[in-house]
Amino acid sequence: MPGRLGDDSWLEGDAANGFNYLITVGQTAVSLQRRTIFERLLSRGLDFSTVISTFATVSEAAAIGKGSIAMHRTVINRGASVGRNCIINTGAIIEHDAYIADHCHVSTGAIINGGAQISEGCMIGSGAIILQGIKIAPNVMVGAGAVVTQDIQAAGTWVGVPARMVL
């Protein structure tokens, strides 16, 4: 049986079997905590749900990986691909042919334009805009309201208009 609130030790026992999981740890600069939990459960052979809000608009020609969630008012257009264990938060837009790798969080109102490629473990802040065709390296945090106008090739925190690295 599950332990007390906040205790994950029961996940190691047989009580964890028979459920589908969704990891909703969000708004962190680095996805390491969500990724670690995901890989721990995956290594045990446990299954994950994919959750799409009834208030989201997702093209039948889009793909969303196991353990990912598309919140209210998200739009995921034709040819877009969202990896495993991702959070596409309220009002975010993933345009045609965009690619979001595993363990990413696209925050509220962010826009990922067509053909953009977001690598594993990225956090795209609220209201950020990633222009068409842009490529972002793994483990990048794009700050709230930033506009990414050129490829980001180094992990770190990027802010401003146009986005520039600050950490």
# chains A, B, ... in the order shown; residues from 1 in each chain; ligands from 1
$ select_by_dssp --residues "segment 5-138 of chain A" --states "helix (DSSP H, G or I)" --output "PyMOL selection string"
chain A and resi 9-12+14-16+32-43
$ closest_atom_pairs --of "segment 121-144 of chain A" --to "segment 107-113 of chain A" --cutoff "7 Å" --atoms "only C-alpha atoms" --output "Markdown table"
| residue | atom | partner | partner_atom | distance |
| --- | --- | --- | --- | --- |
| A:Ile124 | CA | A:Ser107 | CA | 5.8 |
| A:Gly125 | CA | A:Ser107 | CA | 5.1 |
| A:Ser126 | CA | A:Thr108 | CA | 4.7 |
| A:Gly127 | CA | A:Ala110 | CA | 4.2 |
| A:Ala128 | CA | A:Ala110 | CA | 4.7 |
| A:Ile129 | CA | A:Ile111 | CA | 4.8 |
| A:Ile130 | CA | A:Ile112 | CA | 4.9 |
| A:Leu131 | CA | A:Asn113 | CA | 5.3 |
| A:Gln132 | CA | A:Asn113 | CA | 4.6 |
$ residues_around --residues "segment 70-82 of chain A" --least-positions-apart "6" --cutoff "8 Å" --atoms "only C-alpha atoms" --output "list in words"
Val51, Ile52, Ser53, Thr54, Phe55, Ala56, Thr57, Val58, Ser59, Glu60, Ala61, Ala62, Ala63, Ile64, Ile88, Asn89, Thr90, Gly91, Ala92, Ile93, Ile94, Glu95, His96, Asp97, Ala98, Tyr99, Ile100, Ala101 and Asp102 of chain A
$ closest_residue --among "A:Thr36, A:Gln153, A:Ile136, A:Gly45" --to "Gly18 of chain A" --atoms "only C-alpha atoms"
A:Gly45
$ select_by_dssp --residues "chain A" --states "strand (DSSP E)" --output "MDAnalysis selection string"
chainID A and resid 20:21 47:48 51:52 57:58 63:64 69:70 75:76 81:82 87:88 93:94 99:100 105:106 111:112 117:118 123:124 129:130 135:136 140:142 147:148 156:159 164:165
$ residues_around --residues "Ile23 of chain A" --least-positions-apart "2" --cutoff "8 Å" --atoms "only C-alpha atoms" --output "number ranges by chain"
A: 21, 25, 34, 37-38, 67, 85
$ atom_distance --atom1 "atom CA of Thr50 of chain A" --atom2 "atom CA of Gly65 of chain A"
6.9 Å
$ residues_around --residues "segment 159-164 of chain A" --least-positions-apart "6" --cutoff "8 Å" --atoms "only C-alpha atoms" --output "MDAnalysis selection string"
chainID A and resid 142:149
$ atom_distance --atom1 "atom CA of Ser49 of chain A" --atom2 "atom CA of Gly115 of chain A"
26.3 Å
$ decode --residues "segment 17-56 of chain A" --atoms "N, CA and C atoms" --output "compact mmCIF listing (two decimals), in the first residue's frame"
# COMPACT_ATOMS: atom_id res chain seq x y z
N ASN A 17 2.29 -2.09 -9.16
CA ASN A 17 1.86 -2.75 -10.39
C ASN A 17 0.38 -2.50 -10.66
N GLY A 18 0.02 -2.53 -11.93
CA GLY A 18 -1.39 -2.43 -12.29
C GLY A 18 -1.90 -1.01 -12.46
N PHE A 19 -1.03 -0.02 -12.38
CA PHE A 19 -1.42 1.37 -12.57
C PHE A 19 -0.76 1.93 -13.82
N ASN A 20 -1.34 2.98 -14.37
CA ASN A 20 -0.68 3.78 -15.40
C ASN A 20 -0.25 5.07 -14.72
N TYR A 21 0.94 5.55 -15.06
CA TYR A 21 1.52 6.69 -14.38
C TYR A 21 1.62 7.90 -15.29
N LEU A 22 1.63 9.07 -14.66
CA LEU A 22 1.85 10.35 -15.31
C LEU A 22 2.63 11.20 -14.32
N ILE A 23 3.78 11.69 -14.73
CA ILE A 23 4.63 12.49 -13.84
C ILE A 23 4.35 13.95 -14.14
N THR A 24 3.94 14.69 -13.13
CA THR A 24 3.52 16.08 -13.36
C THR A 24 4.40 17.09 -12.63
N VAL A 25 5.63 16.72 -12.34
CA VAL A 25 6.58 17.67 -11.76
C VAL A 25 6.92 18.65 -12.87
N GLY A 26 6.61 19.92 -12.67
CA GLY A 26 6.84 20.91 -13.72
C GLY A 26 7.51 22.16 -13.20
N GLN A 27 7.68 23.12 -14.10
CA GLN A 27 8.26 24.43 -13.79
C GLN A 27 9.60 24.31 -13.09
N THR A 28 10.44 23.42 -13.56
CA THR A 28 11.81 23.33 -13.07
C THR A 28 12.74 23.63 -14.22
N ALA A 29 13.84 24.29 -13.92
CA ALA A 29 14.79 24.68 -14.97
C ALA A 29 15.40 23.46 -15.65
N VAL A 30 15.54 22.38 -14.91
CA VAL A 30 16.13 21.16 -15.45
C VAL A 30 15.15 20.02 -15.19
N SER A 31 14.97 19.16 -16.17
CA SER A 31 13.97 18.09 -16.06
C SER A 31 14.49 16.86 -15.33
N LEU A 32 15.62 16.96 -14.66
CA LEU A 32 16.26 15.79 -14.07
C LEU A 32 15.34 15.04 -13.11
N GLN A 33 14.60 15.74 -12.27
CA GLN A 33 13.72 15.06 -11.31
C GLN A 33 12.65 14.26 -12.04
N ARG A 34 11.98 14.88 -13.02
CA ARG A 34 10.94 14.17 -13.78
C ARG A 34 11.54 13.01 -14.56
N ARG A 35 12.69 13.23 -15.17
CA ARG A 35 13.36 12.18 -15.95
C ARG A 35 13.75 11.01 -15.06
N THR A 36 14.28 11.28 -13.87
CA THR A 36 14.71 10.23 -12.95
C THR A 36 13.52 9.37 -12.52
N ILE A 37 12.40 10.00 -12.15
CA ILE A 37 11.21 9.26 -11.76
C ILE A 37 10.71 8.42 -12.93
N PHE A 38 10.65 9.01 -14.12
CA PHE A 38 10.19 8.31 -15.31
C PHE A 38 11.04 7.07 -15.57
N GLU A 39 12.35 7.23 -15.57
CA GLU A 39 13.25 6.11 -15.86
C GLU A 39 13.17 5.04 -14.77
N ARG A 40 12.98 5.46 -13.54
CA ARG A 40 12.83 4.51 -12.43
C ARG A 40 11.60 3.64 -12.63
N LEU A 41 10.47 4.26 -12.95
CA LEU A 41 9.25 3.49 -13.17
C LEU A 41 9.35 2.63 -14.43
N LEU A 42 9.93 3.19 -15.48
CA LEU A 42 10.11 2.46 -16.73
C LEU A 42 10.97 1.22 -16.53
N SER A 43 12.03 1.35 -15.74
CA SER A 43 12.92 0.21 -15.49
C SER A 43 12.21 -0.92 -14.74
N ARG A 44 11.14 -0.59 -14.02
CA ARG A 44 10.34 -1.59 -13.31
C ARG A 44 9.29 -2.21 -14.22
N GLY A 45 9.19 -1.74 -15.47
CA GLY A 45 8.21 -2.27 -16.40
C GLY A 45 6.82 -1.69 -16.19
N LEU A 46 6.73 -0.58 -15.45
CA LEU A 46 5.43 0.03 -15.20
C LEU A 46 5.01 0.86 -16.42
N ASP A 47 3.70 1.06 -16.57
CA ASP A 47 3.16 1.72 -17.76
C ASP A 47 2.81 3.17 -17.48
N PHE A 48 2.73 3.94 -18.55
CA PHE A 48 2.44 5.37 -18.46
C PHE A 48 1.20 5.70 -19.27
N SER A 49 0.44 6.68 -18.78
CA SER A 49 -0.70 7.20 -19.52
C SER A 49 -0.24 8.37 -20.38
N THR A 50 -0.97 8.61 -21.44
CA THR A 50 -0.84 9.85 -22.20
C THR A 50 -2.17 10.55 -22.02
N VAL A 51 -2.13 11.80 -21.55
CA VAL A 51 -3.34 12.52 -21.20
C VAL A 51 -3.49 13.72 -22.12
N ILE A 52 -4.63 13.80 -22.79
CA ILE A 52 -4.95 14.94 -23.65
C ILE A 52 -6.27 15.53 -23.16
N SER A 53 -6.21 16.77 -22.74
CA SER A 53 -7.42 17.44 -22.25
C SER A 53 -8.49 17.44 -23.33
N THR A 54 -9.73 17.31 -22.90
CA THR A 54 -10.84 17.41 -23.86
C THR A 54 -10.95 18.83 -24.40
N PHE A 55 -10.25 19.77 -23.80
CA PHE A 55 -10.24 21.16 -24.26
C PHE A 55 -8.98 21.49 -25.05
N ALA A 56 -8.21 20.48 -25.43
CA ALA A 56 -7.02 20.66 -26.28
C ALA A 56 -7.40 20.35 -27.72
